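So this block is protein.txt, compact mmCIF, C-alpha atoms:
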```
# COMPACT_ATOMS: atom_id res chain seq x y z
CA GLY A 1029 8.81 -5.95 37.84
CA THR A 1030 9.47 -9.01 35.72
CA GLY A 1031 5.95 -10.38 35.47
CA GLU A 1032 3.52 -10.95 32.65
CA ILE A 1033 -0.11 -10.33 31.79
CA LEU A 1034 -1.85 -13.00 29.72
CA PHE A 1035 -4.99 -12.13 27.79
CA SER A 1036 -7.05 -15.32 27.87
CA GLN A 1037 -10.63 -16.39 27.33
CA SER A 1038 -12.79 -19.46 27.64
CA GLY A 1039 -15.53 -20.42 25.20
CA ASN A 1040 -16.15 -18.88 21.80
CA ARG A 1041 -15.55 -15.22 21.11
CA ARG A 1042 -18.67 -13.33 20.00
CA SER A 1043 -18.65 -10.29 17.77
CA GLY A 1044 -19.43 -7.13 19.73
CA GLY A 1045 -18.68 -8.76 23.07
CA GLN A 1046 -16.37 -7.59 25.82
CA THR A 1047 -12.60 -8.04 25.93
CA ASN A 1048 -9.73 -7.64 28.40
CA TYR A 1049 -8.18 -4.27 29.20
CA VAL A 1050 -4.97 -2.98 30.72
CA GLN A 1051 -5.53 0.75 30.92
CA PRO A 1052 -5.01 3.92 32.93
CA VAL A 1053 -8.01 5.59 34.54
CA ASP A 1054 -8.54 8.90 36.34
CA GLY A 1055 -5.79 10.69 34.42
CA GLY A 1056 -2.06 10.16 34.29
CA THR A 1057 0.29 8.13 32.13
CA LEU A 1058 0.56 4.35 32.15
CA THR A 1059 4.15 3.10 31.80
CA ILE A 1060 4.72 -0.57 31.08
CA GLY A 1061 8.08 -1.37 32.67
CA PRO A 1062 11.03 -3.02 30.90
CA GLY A 1063 10.52 -6.41 32.57
CA ILE A 1064 6.80 -6.72 31.79
CA ARG A 1065 5.33 -8.84 29.02
CA ILE A 1066 1.70 -8.52 27.82
CA TYR A 1067 0.58 -11.22 25.41
CA GLY A 1068 -2.09 -13.77 24.53
CA GLN A 1069 -5.50 -13.52 22.95
CA GLU A 1070 -7.65 -10.47 22.22
CA GLY A 1071 -7.19 -7.48 24.50
CA VAL A 1072 -6.60 -3.74 24.71
CA VAL A 1073 -3.56 -2.03 26.20
CA GLY A 1074 -4.09 1.63 27.06
CA THR A 1075 -6.98 3.99 26.39
CA ALA A 1076 -7.40 6.58 23.63
CA SER A 1077 -7.66 9.51 26.05
CA LEU A 1078 -4.45 9.06 28.07
CA PRO A 1079 -0.73 8.60 27.29
CA LEU A 1080 0.90 5.17 27.18
CA VAL A 1081 4.63 4.46 27.43
CA ASN A 1082 5.89 1.00 26.56
CA GLN A 1083 9.25 -0.12 27.90
CA GLY A 1084 8.28 -3.78 28.01
CA THR A 1085 6.97 -6.29 25.47
CA ILE A 1086 3.51 -6.34 23.91
CA ASP A 1087 3.10 -9.46 21.80
CA SER A 1088 0.09 -10.68 19.83
CA ASP A 1089 1.02 -14.36 19.80
CA SER A 1090 -2.24 -16.33 19.88
CA GLY A 1091 -3.91 -15.76 16.52
CA GLN A 1092 -6.11 -12.87 17.64
CA THR A 1093 -5.77 -9.07 17.89
CA ILE A 1094 -4.20 -6.96 20.61
CA PHE A 1095 -4.98 -3.25 20.36
CA VAL A 1096 -2.54 -0.67 21.73
CA ARG A 1097 -4.14 2.71 22.39
CA GLY A 1098 -3.23 6.09 23.85
CA SER A 1099 -3.54 9.82 23.33
CA SER A 1100 0.10 9.13 22.52
CA VAL A 1101 1.87 5.77 22.45
CA THR A 1102 5.63 5.92 22.99
CA ASN A 1103 7.71 2.81 22.43
CA ALA A 1104 10.58 3.76 24.73
CA GLY A 1105 12.96 0.82 24.45
CA GLY A 1106 10.13 -1.69 24.40
CA ALA A 1107 9.00 -4.21 21.80
CA LEU A 1108 5.84 -4.21 19.70
CA LEU A 1109 5.47 -7.71 18.29
CA ALA A 1110 3.00 -9.52 16.06
CA SER A 1111 4.45 -13.00 16.40
CA ASP A 1112 1.25 -14.99 15.71
CA GLY A 1113 -1.69 -12.62 15.37
CA THR A 1114 -2.49 -8.95 14.74
CA LEU A 1115 -0.98 -6.06 16.69
CA ASN A 1116 -2.83 -2.79 16.06
CA VAL A 1117 -1.16 0.36 17.42
CA ASP A 1118 -2.83 3.79 17.30
CA ASN A 1119 -1.27 7.22 17.96
CA LEU A 1120 2.30 5.95 17.91
CA THR A 1121 4.61 8.89 18.56
CA GLY A 1122 8.33 9.40 17.96
CA ASN A 1123 10.53 6.51 16.96
CA ALA A 1124 8.70 3.25 16.34
CA GLY A 1125 11.61 1.41 17.92
CA HIS A 1126 11.60 -2.36 17.99
CA ALA A 1127 8.53 -3.43 16.01
CA SER A 1128 8.33 -6.75 14.20
CA VAL A 1129 5.93 -9.06 12.42
CA SER A 1130 6.30 -12.81 11.92
CA ALA A 1131 5.02 -15.09 9.19
CA GLY A 1132 1.23 -15.23 8.98
CA SER A 1133 0.78 -12.20 11.24
CA HIS A 1134 -0.23 -8.54 10.80
CA LEU A 1135 1.42 -5.43 12.22
CA ASP A 1136 -0.64 -2.23 11.89
CA LEU A 1137 0.92 1.06 13.01
CA ASP A 1138 -0.83 4.45 13.00
CA GLY A 1139 0.27 7.81 14.34
CA THR A 1140 3.11 10.30 13.84
CA TYR A 1141 6.34 8.36 13.91
CA THR A 1142 9.61 7.32 12.32
CA VAL A 1143 10.42 3.76 11.34
CA ASP A 1144 13.89 4.05 12.86
CA GLN A 1145 14.81 0.35 12.79
CA ASP A 1146 14.83 -2.13 9.92
CA LEU A 1147 11.54 -3.96 9.57
CA PRO A 1148 11.46 -7.42 7.93
CA VAL A 1149 8.08 -8.61 6.62
CA PRO A 1150 8.46 -12.38 6.01
CA GLN A 1151 5.26 -13.94 4.61
CA ALA A 1152 3.35 -11.42 6.70
CA THR A 1153 1.17 -8.30 6.44
CA LEU A 1154 2.36 -4.80 7.30
CA THR A 1155 0.17 -1.68 7.37
CA LEU A 1156 1.69 1.72 8.07
CA ARG A 1157 -0.73 4.62 8.49
CA GLY A 1158 -0.68 8.19 9.73
CA ASP A 1159 2.11 10.74 9.26
CA TRP A 1160 5.35 8.83 9.09
CA THR A 1161 8.81 8.57 7.57
CA ASN A 1162 11.06 5.62 6.85
CA PRO A 1163 14.85 6.13 6.82
CA SER A 1164 15.38 2.39 7.37
CA VAL A 1165 14.89 -0.84 5.40
CA ILE A 1166 11.45 -2.41 5.04
CA ASP A 1167 12.19 -5.85 3.63
CA ALA A 1168 9.11 -7.77 2.48
CA ALA A 1169 9.12 -11.26 1.00
CA ASP A 1170 5.99 -13.21 0.04
CA GLY A 1171 3.85 -10.74 1.94
CA THR A 1172 1.50 -7.76 1.78
CA VAL A 1173 2.60 -4.20 2.54
CA THR A 1174 0.12 -1.30 2.57
CA LEU A 1175 1.47 2.22 3.09
CA GLN A 1176 -1.11 4.91 3.86
CA GLY A 1177 -1.42 8.43 5.19
CA THR A 1178 1.13 11.17 4.61
CA TRP A 1179 4.50 9.55 4.30
CA SER A 1180 7.98 9.64 2.85
CA ASN A 1181 10.46 6.85 2.25
CA ALA A 1182 14.06 8.04 2.58
CA GLY A 1183 15.30 4.50 3.11
CA THR A 1184 14.71 1.30 1.17
CA ILE A 1185 11.54 -0.69 0.57
CA ASN A 1186 12.18 -4.15 -0.82
CA ALA A 1187 9.18 -6.06 -2.18
CA ALA A 1188 9.88 -9.62 -3.36
CA ASN A 1189 6.85 -11.61 -4.50
CA THR A 1190 4.85 -9.11 -2.48
CA ALA A 1191 1.78 -6.93 -2.98
CA LEU A 1192 3.01 -3.40 -2.24
CA THR A 1193 0.34 -0.67 -2.12
CA LEU A 1194 1.20 3.03 -1.94
CA GLN A 1195 -1.71 5.20 -0.82
CA GLY A 1196 -2.28 8.67 0.55
CA ALA A 1197 0.11 11.59 0.00
CA TRP A 1198 3.49 10.01 -0.57
CA ASN A 1199 6.95 10.46 -2.04
CA ASN A 1200 10.03 8.30 -2.35
CA PRO A 1201 13.38 10.12 -2.09
CA GLY A 1202 14.84 6.72 -1.21
CA THR A 1203 14.60 3.43 -3.10
CA ILE A 1204 11.78 1.03 -3.89
CA ALA A 1205 12.97 -2.32 -5.24
CA ALA A 1206 10.41 -4.75 -6.67
CA THR A 1207 11.16 -8.35 -7.59
CA ASP A 1208 8.32 -10.43 -9.03
CA ALA A 1209 5.96 -8.09 -7.19
CA THR A 1210 2.69 -6.24 -7.68
CA VAL A 1211 2.95 -2.52 -6.93
CA ASN A 1212 -0.26 -0.49 -6.62
CA LEU A 1213 0.11 3.28 -7.03
CA HIS A 1214 -2.72 5.30 -5.50
CA GLY A 1215 -3.06 9.00 -4.74
CA THR A 1216 -1.78 11.81 -6.94
CA PHE A 1217 1.90 11.51 -7.79
CA THR A 1218 4.65 12.33 -10.27
CA GLN A 1219 7.52 10.24 -11.53
CA SER A 1220 9.72 12.33 -9.24
CA ASP A 1221 7.56 11.21 -6.29
CA LEU A 1222 8.08 7.63 -7.40
CA GLY A 1223 11.82 8.24 -7.34
CA VAL A 1224 14.27 5.34 -7.63
CA PHE A 1225 12.05 2.41 -8.54
CA ASN A 1226 14.12 -0.65 -9.41
CA ARG A 1227 12.39 -3.65 -10.96
CA THR A 1228 13.75 -7.13 -11.62
CA GLY A 1229 11.99 -10.32 -12.59
CA SER A 1230 8.34 -10.11 -13.63
CA ASN A 1231 6.44 -7.25 -12.01
CA THR A 1232 3.03 -5.62 -12.37
CA VAL A 1233 2.55 -1.92 -11.66
CA ASN A 1234 -1.05 -0.76 -11.31
CA ILE A 1235 -1.74 2.96 -11.68
CA ASN A 1236 -4.83 3.25 -9.48
CA GLY A 1237 -4.46 6.95 -8.77
CA THR A 1238 -3.41 9.95 -10.87
CA LEU A 1239 -0.01 10.23 -12.52
CA GLU A 1240 0.79 13.89 -13.17
CA ASN A 1241 3.01 13.36 -16.20
CA ALA A 1242 3.08 16.74 -18.00
CA GLY A 1243 6.47 17.24 -19.65
CA GLU A 1244 7.58 13.74 -18.67
CA THR A 1245 7.92 10.38 -20.40
CA LEU A 1246 6.76 7.15 -18.79
CA LEU A 1247 8.82 4.24 -20.11
CA LEU A 1248 7.10 0.86 -20.21
CA ASP A 1249 10.03 -1.42 -19.44
CA ALA A 1250 10.30 -5.08 -20.36
CA ALA A 1251 10.47 -6.20 -16.72
CA THR A 1252 7.07 -4.74 -15.90
CA THR A 1253 3.44 -5.01 -16.93
CA TRP A 1254 2.12 -1.46 -16.61
CA ARG A 1255 -1.62 -1.32 -16.03
CA LEU A 1256 -3.81 1.79 -15.96
CA ASN A 1257 -6.10 0.24 -13.38
CA GLY A 1258 -9.00 2.68 -13.13
CA GLY A 1259 -6.48 5.48 -12.74
CA ARG A 1260 -5.57 8.56 -14.74
CA ILE A 1261 -2.55 9.86 -16.63
CA ASN A 1262 -2.42 13.63 -17.05
CA GLY A 1263 -0.23 14.83 -19.90
CA GLY A 1264 3.17 13.76 -21.09
CA THR A 1265 4.22 10.78 -23.15
CA VAL A 1266 3.97 7.04 -22.64
CA THR A 1267 6.54 5.06 -24.59
CA GLY A 1268 7.45 1.40 -24.81
CA GLU A 1269 8.68 -1.39 -27.03
CA VAL A 1270 6.41 -3.36 -29.35
CA GLY A 1271 4.86 -6.23 -27.45
CA ASN A 1272 4.96 -4.39 -24.12
CA PRO A 1273 1.67 -2.44 -24.12
CA LEU A 1274 -0.01 -0.22 -21.58
CA VAL A 1275 -2.81 -2.44 -20.27
CA ILE A 1276 -6.13 -0.70 -19.64
CA SER A 1277 -8.68 -1.63 -16.97
CA ALA A 1278 -12.21 -0.24 -16.73
CA GLY A 1279 -12.76 3.34 -15.61
CA SER A 1280 -9.38 4.69 -16.70
CA THR A 1281 -8.68 8.14 -18.16
CA LEU A 1282 -6.05 9.63 -20.46
CA ASP A 1283 -5.84 13.43 -20.34
CA GLY A 1284 -3.83 15.04 -23.15
CA VAL A 1285 -1.45 12.09 -23.49
CA VAL A 1286 0.91 11.13 -26.31
CA LEU A 1287 0.99 7.34 -26.70
CA ASP A 1288 4.26 6.26 -28.30
CA ALA A 1289 3.41 2.75 -27.15
CA ASP A 1290 0.92 0.01 -27.82
CA VAL A 1291 -2.23 -0.19 -25.72
CA ALA A 1292 -4.23 -3.29 -24.82
CA MET A 1293 -7.93 -3.13 -23.90
CA THR A 1294 -9.37 -6.58 -23.19
CA ALA A 1295 -13.03 -6.68 -22.18
CA ALA A 1296 -13.57 -9.80 -20.10
CA GLY A 1297 -16.46 -9.21 -17.72
CA SER A 1298 -18.02 -11.61 -15.27
CA SER A 1299 -21.57 -10.46 -16.09
CA TYR A 1300 -23.73 -9.76 -19.14
CA TYR A 1301 -23.15 -6.55 -21.08
CA TYR A 1302 -19.76 -5.82 -19.55
CA THR A 1303 -18.08 -2.75 -21.05
CA LEU A 1304 -14.46 -1.78 -20.52
CA THR A 1305 -14.34 2.01 -20.83
CA LEU A 1306 -11.31 4.21 -21.45
CA THR A 1307 -12.10 7.94 -21.39
CA VAL A 1308 -10.04 10.50 -23.30
CA VAL A 1309 -10.06 14.22 -22.49
CA ASN A 1310 -8.02 17.05 -24.05
CA GLY A 1311 -7.10 14.95 -27.06
CA LEU A 1312 -5.08 11.83 -27.71
CA THR A 1313 -2.01 11.37 -29.89
CA LEU A 1314 -1.74 7.70 -30.80
CA ASN A 1315 1.51 6.57 -32.43
CA GLY A 1316 1.21 2.89 -31.55
CA ARG A 1317 -1.45 0.23 -31.88
CA LEU A 1318 -4.49 0.24 -29.60
CA THR A 1319 -6.02 -3.23 -29.57
CA MET A 1320 -9.60 -3.66 -28.37
CA THR A 1321 -10.41 -7.30 -27.61
CA ARG A 1322 -13.75 -8.82 -26.66
CA SER A 1323 -13.39 -12.04 -24.70
CA GLY A 1324 -17.06 -12.97 -24.89
CA TYR A 1325 -20.25 -12.29 -26.82
CA TRP A 1326 -21.56 -9.94 -24.11
CA ASP A 1327 -18.29 -8.04 -23.62
CA ALA A 1328 -17.42 -4.71 -25.22
CA GLY A 1329 -14.68 -2.11 -25.23
CA ALA A 1330 -15.43 1.62 -25.40
CA LEU A 1331 -12.93 4.36 -26.21
CA ASN A 1332 -14.88 7.44 -25.15
CA PHE A 1333 -13.90 10.97 -26.19
CA SER A 1334 -15.43 13.52 -23.83
CA GLY A 1335 -16.50 16.70 -25.64
CA ASP A 1336 -14.68 18.17 -28.64
CA GLN A 1337 -11.63 15.99 -29.14
CA THR A 1338 -8.90 15.24 -31.65
CA LEU A 1339 -7.49 11.78 -32.19
CA GLY A 1340 -4.13 12.40 -33.83
CA GLY A 1341 -0.86 10.63 -34.48
CA THR A 1342 0.28 7.85 -36.79
CA GLY A 1343 -1.10 4.87 -34.90
CA GLU A 1344 -3.92 2.44 -35.44
CA ILE A 1345 -6.89 0.97 -33.61
CA LEU A 1346 -7.50 -2.72 -34.04
```

Using the file provided, produce a representation of the structure as C-alpha cells.
Amino acid sequence: GTGEILFSQSGNRRSGGQTNYVQPVDGGTLTIGPGIRIYGQEGVVGTASLPLVNQGTIDSDSGQTIFVRGSSVTNAGGALLASDGTLNVDNLTGNAGHASVSAGSHLDLDGTYTVDQDLPVPQATLTLRGDWTNPSVIDAADGTVTLQGTWSNAGTINAANTALTLQGAWNNPGTIAATDATVNLHGTFTQSDLGVFNRTGSNTVNINGTLENAGETLLLDAATTWRLNGGRINGGTVTGEVGNPLVISAGSTLDGVVLDADVAMTAAGSSYYYTLTLTVVNGLTLNGRLTMTRSGYWDAGALNFSGDQTLGGTGEIL
C-alpha cells in the first residue's frame, strides 16, 4: 500500500509508561512495504524475537525516539531517517542502505552491517555500534560521532569541528580526516590501526585507551594537541617540537617510554587536595622538559614510579 502510520500521543509522556507498537506476533516476518511510511512521536517498530524487513520509510521526525527492533532488521531498499528526533535501530543486518540524520537529531545503529552508502552528519549525532564496516564516506560537520563495537573503516571519515570518538576493537585501513576537531582514541590500538590520520586546523587528540607503541615513534605535530587523557602508552618513543608538549591528564601511564618531547602536567582540580597523577612503569627516558604546574594552593602533581625504576635521559623536570 501507500499509507502511513503516525505515532502520536496526547498529554505528557511519563517515564516507564507505555508506547505505541507496530510488531509481528505469533511468529513470522514483518515486511514494511515500499509505499509505507511510519513516523511521528515515540514508538517501536518490530520486536526483538522476530525478523523485520523494511522496504518503506521509518522516520523519527517529532523530537522523540522511534525504536526499530528485530531478531534481524534488514533495510531492503527502504529508508531509516532521523529527521527531527532519535532513530534507534538494533540488530541491523547486511547493508545499512539509505540511512540519514538531520541537524539536531540522533541516528543510532547496532548490529552486523555495512555502511554501504555515504552518510552525512550535519550538526547531528551519529552512533554506530556492533560489528560493522564502512567502505563509504561518513562526513560530519559540527556534530558528534561515536564509533563502537568491532569495526573497520575502509572508507573515509571526515570530522570538521566535530567530537569523534573511536571505541571498541577498531582499525582504520581507510582515511580519517580531522579539521578543528576533537578525536578520542579508546580501546587498545597501534599507530598502524590508526592508519591515515590527516589533521588540519587546530585539533585535539585524546588518548583514552592504550597505545601499543613498541618500536614506533609518535610524532606530536603542530596541528594537534596530543593529550594522554587517562590512557596508557606502552613502549616506543614520543617526539615533538619545543612548545608542542604531550599534555597529561590524571590517571595516565607511561610504560617503558622514551620522551623526546616536552610534557605538560597542569594540576587544576575542582575540589580540595586535587592530585594529577602520572604513573611510570618499566622506566622512563626523558630527553625533554617535563613541567609540573599547580594552578591552586590545594592542587598537586605526582610523577609516580611504580617499583624499581630508572629515570634516565638528558631532560629536566620543572

Counting only C-alpha atoms, which residues in stretch 1129-1200 of chain A sit no more than 10 Å from stretch 1086-1094 of chain A? For each one, give the nearest pair of atoms and the distance in Å, sorted by chain then residue number, as a tab-separated table.
```
residue	atom	partner	partner_atom	distance
A:Val1129	CA	A:Ser1088	CA	9.6
A:Ser1130	CA	A:Asp1089	CA	9.6
A:Gly1132	CA	A:Gly1091	CA	9.1
A:Ser1133	CA	A:Gly1091	CA	7.9
A:His1134	CA	A:Thr1093	CA	9.0
A:Leu1135	CA	A:Ser1088	CA	9.3
```

Open item on the list: So the first atom is atom CA of A:Thr1075 and the second is atom CA of A:Tyr1049; what is the distance between them in Å, to one decimal place?
Closed with: 8.8 Å

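Atom CA of A:Ala1197 to atom CA of A:Thr1178 spans 4.7 Å [interatomic distance, one decimal].
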
Task: Coordinates-based distance that separates atom CA of A:Gly1335 from atom CA of A:Gln1219 (Å, one decimal) - done: 28.6 Å

TODO: Go through A:Thr1059, A:Asn1048, A:Gln1151, A:Ser1100 and flag the residue nearest A:Gly1084, using all atoms listed in the file for the distances.
DONE: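 Answer, going by the shortest atom-to-atom distance: A:Thr1059.
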
Exercise: stretch 1311-1327 of chain A partners within 9 Å, all atoms listed in the file, chain neighbours under 4 positions left out, as a compact mmCIF listing (two decimals) with C-alpha atoms, keeping the file's coordinate frame:
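Generated file (out_28.txt):
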```txt
# COMPACT_ATOMS: atom_id res chain seq x y z
CA VAL A 1270 6.41 -3.36 -29.35
CA PRO A 1273 1.67 -2.44 -24.12
CA LEU A 1282 -6.05 9.63 -20.46
CA ASP A 1283 -5.84 13.43 -20.34
CA GLY A 1284 -3.83 15.04 -23.15
CA VAL A 1285 -1.45 12.09 -23.49
CA VAL A 1286 0.91 11.13 -26.31
CA LEU A 1287 0.99 7.34 -26.70
CA ASP A 1288 4.26 6.26 -28.30
CA ALA A 1289 3.41 2.75 -27.15
CA ASP A 1290 0.92 0.01 -27.82
CA VAL A 1291 -2.23 -0.19 -25.72
CA ALA A 1292 -4.23 -3.29 -24.82
CA MET A 1293 -7.93 -3.13 -23.90
CA THR A 1294 -9.37 -6.58 -23.19
CA ALA A 1295 -13.03 -6.68 -22.18
CA ALA A 1296 -13.57 -9.80 -20.10
CA GLY A 1297 -16.46 -9.21 -17.72
CA SER A 1299 -21.57 -10.46 -16.09
CA TYR A 1300 -23.73 -9.76 -19.14
CA TYR A 1301 -23.15 -6.55 -21.08
CA TYR A 1302 -19.76 -5.82 -19.55
CA THR A 1303 -18.08 -2.75 -21.05
CA LEU A 1304 -14.46 -1.78 -20.52
CA LEU A 1331 -12.93 4.36 -26.21
CA PHE A 1333 -13.90 10.97 -26.19
CA ASP A 1336 -14.68 18.17 -28.64
CA GLN A 1337 -11.63 15.99 -29.14
CA THR A 1338 -8.90 15.24 -31.65
CA LEU A 1339 -7.49 11.78 -32.19
CA GLY A 1340 -4.13 12.40 -33.83
CA GLY A 1341 -0.86 10.63 -34.48
CA THR A 1342 0.28 7.85 -36.79
CA GLY A 1343 -1.10 4.87 -34.90
CA GLU A 1344 -3.92 2.44 -35.44
CA ILE A 1345 -6.89 0.97 -33.61
CA LEU A 1346 -7.50 -2.72 -34.04
```

With 6 Å added on each side, what axis-aligned box encloses every listed atom of stretch 1233-1238 of chain A? Give the centre and edge lengths in Å to one decimal, as AutoDock Vina command-line options.
```
--center_x -1.1 --center_y 4.0 --center_z -10.2 --size_x 19.4 --size_y 23.9 --size_z 14.9
```

I'd like a table as JSON lines: residues in stretch 1169-1220 of chain A with an atom no more than 12 Å from stretch 1253-1267 of chain A, each row giving the shortest atom pair and its distance in Å to one decimal, only C-alpha atoms counted, sorted by chain and rising residue number.
```
{"residue": "A:Asp1208", "atom": "CA", "partner": "A:Thr1253", "partner_atom": "CA", "distance": 10.8}
{"residue": "A:Ala1209", "atom": "CA", "partner": "A:Thr1253", "partner_atom": "CA", "distance": 10.5}
{"residue": "A:Thr1210", "atom": "CA", "partner": "A:Thr1253", "partner_atom": "CA", "distance": 9.4}
{"residue": "A:Val1211", "atom": "CA", "partner": "A:Trp1254", "partner_atom": "CA", "distance": 9.8}
{"residue": "A:Asn1212", "atom": "CA", "partner": "A:Asn1257", "partner_atom": "CA", "distance": 9.0}
{"residue": "A:Leu1213", "atom": "CA", "partner": "A:Gly1259", "partner_atom": "CA", "distance": 9.0}
{"residue": "A:His1214", "atom": "CA", "partner": "A:Gly1259", "partner_atom": "CA", "distance": 8.2}
{"residue": "A:Gly1215", "atom": "CA", "partner": "A:Gly1259", "partner_atom": "CA", "distance": 9.4}
{"residue": "A:Thr1216", "atom": "CA", "partner": "A:Arg1260", "partner_atom": "CA", "distance": 9.3}
{"residue": "A:Phe1217", "atom": "CA", "partner": "A:Ile1261", "partner_atom": "CA", "distance": 10.0}
{"residue": "A:Thr1218", "atom": "CA", "partner": "A:Asn1262", "partner_atom": "CA", "distance": 9.9}
{"residue": "A:Gln1219", "atom": "CA", "partner": "A:Gly1264", "partner_atom": "CA", "distance": 11.1}
```

Task: A:Asp1221 surroundings by only C-alpha atoms, 9 Å radius, close-in-sequence under 6 positions cut, as an MDAnalysis selection string - done: chainID A and resid 1198:1201

Show me a table, sorted first by chain and then by increasing residue number, of the residues of stretch 1187-1269 of chain A having an atom at most 9 Å from stretch 1156-1176 of chain A, each with its shortest atom pair and the distance in Å to one decimal, counting all atoms listed in the file and written as a Markdown table.
```
| residue | atom | partner | partner_atom | distance |
| --- | --- | --- | --- | --- |
| A:Ala1187 | CA | A:Ala1168 | CA | 5.0 |
| A:Ala1188 | CA | A:Ala1169 | CA | 4.7 |
| A:Asn1189 | CA | A:Asp1170 | CA | 4.9 |
| A:Thr1190 | CA | A:Gly1171 | CA | 4.8 |
| A:Ala1191 | CA | A:Thr1172 | CA | 4.8 |
| A:Leu1192 | CA | A:Val1173 | CA | 4.9 |
| A:Thr1193 | CA | A:Thr1174 | CA | 4.7 |
| A:Leu1194 | CA | A:Leu1175 | CA | 5.1 |
| A:Gln1195 | CA | A:Gln1176 | CA | 4.7 |
| A:Gly1196 | CA | A:Gln1176 | CA | 5.1 |
| A:Ala1197 | CA | A:Gln1176 | CA | 7.8 |
| A:Trp1198 | CA | A:Gln1176 | CA | 8.2 |
| A:Gly1202 | CA | A:Pro1163 | CA | 8.1 |
| A:Ala1209 | CA | A:Asp1170 | CA | 8.9 |
```

Using all atoms listed in the file, list the residues that have an atom at most 10 Å from (10.6, 6.7, -11.3), coordinates as in the file, as a PDB file with C-alpha atoms, in the coordinates of the input.
```pdb
ATOM      1  CA  ASN A1200      10.030   8.300  -2.350  1.00  0.00           C
ATOM      2  CA  THR A1203      14.600   3.430  -3.100  1.00  0.00           C
ATOM      3  CA  ILE A1204      11.780   1.030  -3.890  1.00  0.00           C
ATOM      4  CA  THR A1218       4.650  12.330 -10.270  1.00  0.00           C
ATOM      5  CA  GLN A1219       7.520  10.240 -11.530  1.00  0.00           C
ATOM      6  CA  SER A1220       9.720  12.330  -9.240  1.00  0.00           C
ATOM      7  CA  ASP A1221       7.560  11.210  -6.290  1.00  0.00           C
ATOM      8  CA  LEU A1222       8.080   7.630  -7.400  1.00  0.00           C
ATOM      9  CA  GLY A1223      11.820   8.240  -7.340  1.00  0.00           C
ATOM     10  CA  VAL A1224      14.270   5.340  -7.630  1.00  0.00           C
ATOM     11  CA  PHE A1225      12.050   2.410  -8.540  1.00  0.00           C
ATOM     12  CA  ASN A1226      14.120  -0.650  -9.410  1.00  0.00           C
ATOM     13  CA  LEU A1246       6.760   7.150 -18.790  1.00  0.00           C
ATOM     14  CA  LEU A1247       8.820   4.240 -20.110  1.00  0.00           C
TER      15      LEU A1247
END
```
